[in-house]
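Below: the structure, in structure tokens.
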Amino acid sequence: MTLLGKFAPILALVLLVAACGGGGGNSSTLDAVSESGTVRVGVRNDNPPMSFVNESGVWVGFDLDLSAALADELGLELDLVVVDGTTRISFLQEGQVDMSVASMNHTLSRDEAIDFSITYFWDNQSFLVRTGTYTSIDELLDGTVAANAGSSVIDSWNSYVAARGGAAPEIVEFDEKLAAMQALRDGAVEGYSEDNITLLALAAGDASLTLLPGGHNPVQFGVGVAENDSDWRDEVNIALQELWRDGTFQTIYERWFVGPARSIDLP
């Protein structure tokens, strides 16, 4: 008998165990939420108009409505979990949430840490400046600017400046958007870069602030899910497509960005 033949039964057993996940692999999130009947969704509460606490103290926004619609489409109870610019990824990695609907730009670096659904929203990242100070983002190459901690703005602006021969830019990182806005108003920074839609919402009604045209970083929001969990990612993608097909997504979009109740006008 050959050596391979001698150990064939053992090899077959090893292959069977591996195929059944005996090598330490995790079961799909889909199995877990199906068993519990609940989906834990990480959503921000500091990012208007996508997800924020309004003047009445109510947690509202596009991402919040989308989360509720996704949970309903999946036939699951919704358990909302507050995340921010840094925890929206770490909570997925640690299993504290099942998905993050948190206005999260799908970047290559983030894709190394988690997986993303198909894109559900497109935007760009430019700069909010004091009115009358600048007319183009290229005028800020040598300036001190603000960004949120954990934002894709940081890598993008560094790359944008380097591509135009500039020195490493001075970027002041803020944990809170309102603090970055105050720094801009006070003149501590020359510009504040974020998703354009958020900048418009933060500056709504303030003629002293202007959003510069264009941008340095196209944005594609996706629903974040755990890395290498294709069964769950597929289920989320199917649910998103069903919301588009039956008009639910359009209804939510119009509520926040088109209808009379909108807080901003999209460029």
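Chain identifiers are assigned as A, B, and so on, following the order in which chains appear in the structure tokens; residues are numbered from 1 within each chain, and ligands are numbered from 1 in order of appearance.
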
Give me the residues of region 61-158 of chain A that have any atom at most 7 Å from an atom of region 208-226 of chain A; for each, the nearest atom pair and the distance in Å, rounded to one decimal. Use only C-alpha atoms, sort by chain and number, and format it as a Markdown table.
```
| residue | atom | partner | partner_atom | distance |
| --- | --- | --- | --- | --- |
| A:Leu92 | CA | A:Ala226 | CA | 5.7 |
| A:Gln93 | CA | A:Ala226 | CA | 6.2 |
| A:Asp98 | CA | A:Val225 | CA | 6.6 |
| A:Met99 | CA | A:Val225 | CA | 4.8 |
| A:Ser100 | CA | A:Gly224 | CA | 4.8 |
| A:Val101 | CA | A:Val223 | CA | 5.1 |
| A:Ser103 | CA | A:Phe221 | CA | 5.5 |
| A:Met104 | CA | A:Phe221 | CA | 5.0 |
| A:Asn105 | CA | A:Phe221 | CA | 4.6 |
| A:His106 | CA | A:Gln220 | CA | 5.7 |
| A:Ile114 | CA | A:Ala226 | CA | 5.2 |
| A:Asp115 | CA | A:Val225 | CA | 5.3 |
| A:Phe116 | CA | A:Gly224 | CA | 4.7 |
| A:Ser117 | CA | A:Val223 | CA | 5.1 |
| A:Ile118 | CA | A:Gly222 | CA | 6.0 |
| A:Thr119 | CA | A:Gly222 | CA | 4.7 |
| A:Tyr120 | CA | A:Gly222 | CA | 5.8 |
| A:Phe121 | CA | A:Phe221 | CA | 5.1 |
| A:Trp122 | CA | A:Gln220 | CA | 4.8 |
| A:Asp123 | CA | A:Val219 | CA | 4.8 |
| A:Asn124 | CA | A:Pro218 | CA | 4.3 |
| A:Gln125 | CA | A:Gly215 | CA | 5.0 |
| A:Ser126 | CA | A:Gly215 | CA | 4.1 |
| A:Phe127 | CA | A:Leu212 | CA | 5.6 |
| A:Leu128 | CA | A:Leu211 | CA | 4.5 |
| A:Val129 | CA | A:Thr210 | CA | 5.4 |
| A:Arg130 | CA | A:Leu209 | CA | 4.6 |
| A:Thr131 | CA | A:Leu209 | CA | 4.9 |
| A:Thr135 | CA | A:Leu212 | CA | 6.3 |
| A:Ser136 | CA | A:Leu212 | CA | 6.0 |
| A:Ile137 | CA | A:Leu212 | CA | 6.6 |
| A:Ser156 | CA | A:Asn217 | CA | 6.1 |
| A:Trp157 | CA | A:His216 | CA | 6.7 |
```

Near-Ala149 (chain A) list (9 Å; only C-alpha atoms; drop same-chain fewer than 3 positions) as JSON, numbers by chain: {"A": [85, 86, 152, 154, 172, 173, 174, 175, 176]}

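For the choices A:Leu243, A:Val97, A:Ala201, A:Ala32, the atom-to-atom distance to Gly61 (chain A) is smallest for A:Ala201 when using only C-alpha atoms.
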
Report the closest atom pair, with its distance in Å rounded to one decimal, for each residue of region 130-244 of chain A that has an atom no farther than 12 Å from region 71-81 of chain A; count only C-alpha atoms, sort by chain and then rising residue number, and write it as CSV.
```
residue,atom,partner,partner_atom,distance
A:Trp232,CA,A:Leu74,CA,10.9
A:Asp234,CA,A:Leu74,CA,11.8
A:Glu235,CA,A:Leu74,CA,8.0
A:Val236,CA,A:Leu74,CA,8.1
A:Asn237,CA,A:Leu74,CA,10.8
A:Ile238,CA,A:Leu74,CA,9.3
A:Ala239,CA,A:Glu73,CA,6.0
A:Leu240,CA,A:Glu73,CA,8.5
A:Gln241,CA,A:Glu73,CA,10.3
A:Glu242,CA,A:Glu73,CA,7.8
A:Leu243,CA,A:Glu73,CA,7.6
A:Trp244,CA,A:Glu73,CA,11.4
```

N, CA, C and O atoms of the current selection, written as an mmCIF file, in the first residue's frame:
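Full text of part_17.cif as output:
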```cif
data_model
loop_
_atom_site.group_PDB
_atom_site.id
_atom_site.type_symbol
_atom_site.label_atom_id
_atom_site.label_comp_id
_atom_site.auth_asym_id
_atom_site.auth_seq_id
_atom_site.Cartn_x
_atom_site.Cartn_y
_atom_site.Cartn_z
ATOM 1 N N TRP A 232 -24.103 36.755 4.484
ATOM 2 C CA TRP A 232 -24.768 37.918 5.070
ATOM 3 C C TRP A 232 -24.700 39.119 4.130
ATOM 4 O O TRP A 232 -25.665 39.850 3.966
ATOM 5 N N ASP A 234 -24.548 39.071 0.904
ATOM 6 C CA ASP A 234 -25.515 38.820 -0.173
ATOM 7 C C ASP A 234 -26.933 39.151 0.278
ATOM 8 O O ASP A 234 -27.721 39.737 -0.479
ATOM 9 N N GLU A 235 -27.266 38.780 1.508
ATOM 10 C CA GLU A 235 -28.609 39.024 2.023
ATOM 11 C C GLU A 235 -28.876 40.533 2.131
ATOM 12 O O GLU A 235 -29.973 41.006 1.798
ATOM 13 N N VAL A 236 -27.866 41.283 2.584
ATOM 14 C CA VAL A 236 -28.000 42.736 2.681
ATOM 15 C C VAL A 236 -28.146 43.352 1.290
ATOM 16 O O VAL A 236 -28.979 44.238 1.075
ATOM 17 N N ASN A 237 -27.348 42.884 0.340
ATOM 18 C CA ASN A 237 -27.439 43.396 -1.030
ATOM 19 C C ASN A 237 -28.800 43.133 -1.654
ATOM 20 O O ASN A 237 -29.376 43.993 -2.339
ATOM 21 N N ILE A 238 -29.328 41.956 -1.429
ATOM 22 C CA ILE A 238 -30.650 41.614 -1.969
ATOM 23 C C ILE A 238 -31.711 42.517 -1.346
ATOM 24 O O ILE A 238 -32.609 43.016 -2.033
ATOM 25 N N ALA A 239 -31.607 42.746 -0.042
ATOM 26 C CA ALA A 239 -32.568 43.611 0.640
ATOM 27 C C ALA A 239 -32.504 45.033 0.092
ATOM 28 O O ALA A 239 -33.543 45.673 -0.132
ATOM 29 N N LEU A 240 -31.298 45.553 -0.136
ATOM 30 C CA LEU A 240 -31.148 46.888 -0.716
ATOM 31 C C LEU A 240 -31.811 46.968 -2.089
ATOM 32 O O LEU A 240 -32.524 47.931 -2.397
ATOM 33 N N GLN A 241 -31.578 45.959 -2.897
ATOM 34 C CA GLN A 241 -32.155 45.964 -4.241
ATOM 35 C C GLN A 241 -33.683 45.866 -4.203
ATOM 36 O O GLN A 241 -34.370 46.463 -5.042
ATOM 37 N N GLU A 242 -34.207 45.144 -3.229
ATOM 38 C CA GLU A 242 -35.658 45.072 -3.082
ATOM 39 C C GLU A 242 -36.233 46.427 -2.692
ATOM 40 O O GLU A 242 -37.312 46.813 -3.149
ATOM 41 N N LEU A 243 -35.508 47.161 -1.846
ATOM 42 C CA LEU A 243 -35.966 48.500 -1.455
ATOM 43 C C LEU A 243 -35.963 49.444 -2.651
ATOM 44 O O LEU A 243 -36.826 50.320 -2.755
ATOM 45 N N TRP A 244 -34.989 49.283 -3.542
ATOM 46 C CA TRP A 244 -34.977 50.088 -4.770
ATOM 47 C C TRP A 244 -36.137 49.676 -5.681
ATOM 48 O O TRP A 244 -36.813 50.523 -6.248
#
```

To one decimal in Å, tell me the separation between CA of Ile197 (chain A) and CA of Ile264 (chain A). 8.0 Å

Given only C-alpha atoms as the basis, pick out the residue of A:Gly132, A:Gly57, A:Gly42, A:Gly95 nearest to Ser28 (chain A).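 For Ser28 (chain A), the nearest of the given residues is A:Gly95.
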
Who sits within 10 Å of Gly143 (chain A), only C-alpha atoms, same chain under 5 positions skipped, as a ChimeraX atom specification: /A:138,169-171,189-191

Could you take the residues named above and write them with N, CA, C and O atoms, as a PDB file, in the first residue's frame?
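The resulting result_29.pdb:
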```
ATOM      1  N   ASP A 138      -7.768  74.159  -4.246  1.00  0.00           N
ATOM      2  CA  ASP A 138      -6.325  74.218  -4.498  1.00  0.00           C
ATOM      3  C   ASP A 138      -5.668  75.381  -3.758  1.00  0.00           C
ATOM      4  O   ASP A 138      -4.452  75.369  -3.532  1.00  0.00           O
ATOM      5  N   PRO A 169       0.363  68.305   4.284  1.00  0.00           N
ATOM      6  CA  PRO A 169      -0.548  69.321   4.827  1.00  0.00           C
ATOM      7  C   PRO A 169      -0.716  69.202   6.335  1.00  0.00           C
ATOM      8  O   PRO A 169      -0.508  68.133   6.920  1.00  0.00           O
ATOM      9  N   GLU A 170      -1.081  70.300   6.951  1.00  0.00           N
ATOM     10  CA  GLU A 170      -1.358  70.296   8.381  1.00  0.00           C
ATOM     11  C   GLU A 170      -2.851  70.058   8.567  1.00  0.00           C
ATOM     12  O   GLU A 170      -3.669  70.919   8.237  1.00  0.00           O
ATOM     13  N   ILE A 171      -3.201  68.881   9.074  1.00  0.00           N
ATOM     14  CA  ILE A 171      -4.594  68.497   9.279  1.00  0.00           C
ATOM     15  C   ILE A 171      -4.847  68.348  10.774  1.00  0.00           C
ATOM     16  O   ILE A 171      -4.180  67.554  11.444  1.00  0.00           O
ATOM     17  N   VAL A 189      -8.605  77.180  11.821  1.00  0.00           N
ATOM     18  CA  VAL A 189      -8.306  76.416  10.607  1.00  0.00           C
ATOM     19  C   VAL A 189      -8.882  77.195   9.429  1.00  0.00           C
ATOM     20  O   VAL A 189      -9.793  78.009   9.587  1.00  0.00           O
ATOM     21  N   GLU A 190      -8.319  76.946   8.243  1.00  0.00           N
ATOM     22  CA  GLU A 190      -8.758  77.664   7.047  1.00  0.00           C
ATOM     23  C   GLU A 190      -9.907  76.978   6.323  1.00  0.00           C
ATOM     24  O   GLU A 190     -10.620  77.598   5.542  1.00  0.00           O
ATOM     25  N   GLY A 191     -10.060  75.702   6.569  1.00  0.00           N
ATOM     26  CA  GLY A 191     -11.122  74.951   5.927  1.00  0.00           C
ATOM     27  C   GLY A 191     -11.433  73.698   6.713  1.00  0.00           C
ATOM     28  O   GLY A 191     -10.612  73.233   7.513  1.00  0.00           O
TER      29      GLY A 191
END
```

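Straight-line separation from CA of Gln250 (chain A) to CA of Arg262 (chain A): 13.9 Å.
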
To one decimal in Å, tell me the separation between CA of Asp231 (chain A) and CA of Thr107 (chain A). 21.5 Å

Please, which residues of region 41-208 of chain A, numbered as in this document, come out strand (DSSP E or B) from DSSP, as an MDAnalysis selection string? chainID A and resid 41:43 46:47 51:53 59:60 77:82 99:100 105 115:130 144:148 170:174 191:195

Residues of the last selection are to be written out with C-alpha atoms, as a compact mmCIF listing (two decimals), in the first residue's frame.
```txt
# COMPACT_ATOMS: atom_id res chain seq x y z
CA VAL A 41 -27.31 48.08 13.21
CA GLY A 42 -24.58 50.60 13.94
CA VAL A 43 -25.74 54.14 13.06
CA ASP A 46 -23.64 63.12 14.76
CA ASN A 47 -23.79 63.30 10.98
CA SER A 51 -28.10 60.42 11.03
CA PHE A 52 -28.32 62.96 13.84
CA VAL A 53 -30.26 64.15 16.87
CA TRP A 59 -32.62 60.56 16.53
CA VAL A 60 -33.43 60.91 12.83
CA GLU A 77 -36.43 43.46 14.68
CA LEU A 78 -34.18 46.53 14.60
CA ASP A 79 -31.71 47.11 17.44
CA LEU A 80 -29.98 50.46 16.88
CA VAL A 81 -26.46 50.90 18.23
CA VAL A 82 -24.74 54.30 18.31
CA MET A 99 -24.03 45.84 10.02
CA SER A 100 -23.07 49.51 9.97
CA ASN A 105 -17.18 55.68 2.32
CA ASP A 115 -16.67 44.16 3.63
CA PHE A 116 -19.22 46.47 2.02
CA SER A 117 -22.58 46.20 0.35
CA ILE A 118 -23.26 47.70 -3.04
CA THR A 119 -23.21 51.51 -3.00
CA TYR A 120 -26.37 53.21 -1.74
CA PHE A 121 -25.30 56.88 -1.87
CA TRP A 122 -22.81 58.97 -3.87
CA ASP A 123 -21.19 62.25 -2.80
CA ASN A 124 -17.86 64.12 -2.80
CA GLN A 125 -15.63 65.69 -0.18
CA SER A 126 -14.75 69.36 -0.48
CA PHE A 127 -14.10 72.16 2.04
CA LEU A 128 -16.26 74.49 4.01
CA VAL A 129 -14.53 77.88 4.34
CA ARG A 130 -15.32 81.31 5.70
CA THR A 144 -4.20 74.32 8.12
CA VAL A 145 -7.43 72.40 7.71
CA ALA A 146 -9.81 70.38 9.87
CA ALA A 147 -11.03 66.82 9.44
CA ASN A 148 -12.83 64.28 11.58
CA GLU A 170 -1.36 70.30 8.38
CA ILE A 171 -4.59 68.50 9.28
CA VAL A 172 -6.17 69.04 12.68
CA GLU A 173 -8.34 66.07 13.64
CA PHE A 174 -11.52 66.53 15.65
CA GLY A 191 -11.12 74.95 5.93
CA TYR A 192 -13.06 71.95 7.15
CA SER A 193 -13.36 68.93 4.90
CA GLU A 194 -16.10 66.34 5.16
CA ASP A 195 -18.76 64.80 2.95
```

Taking only C-alpha atoms into account, which of A:Val153, A:Leu70, A:Leu199, A:Ala102 comes nearest Lys177 (chain A)?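 Nearest to Lys177 (chain A): A:Leu199.
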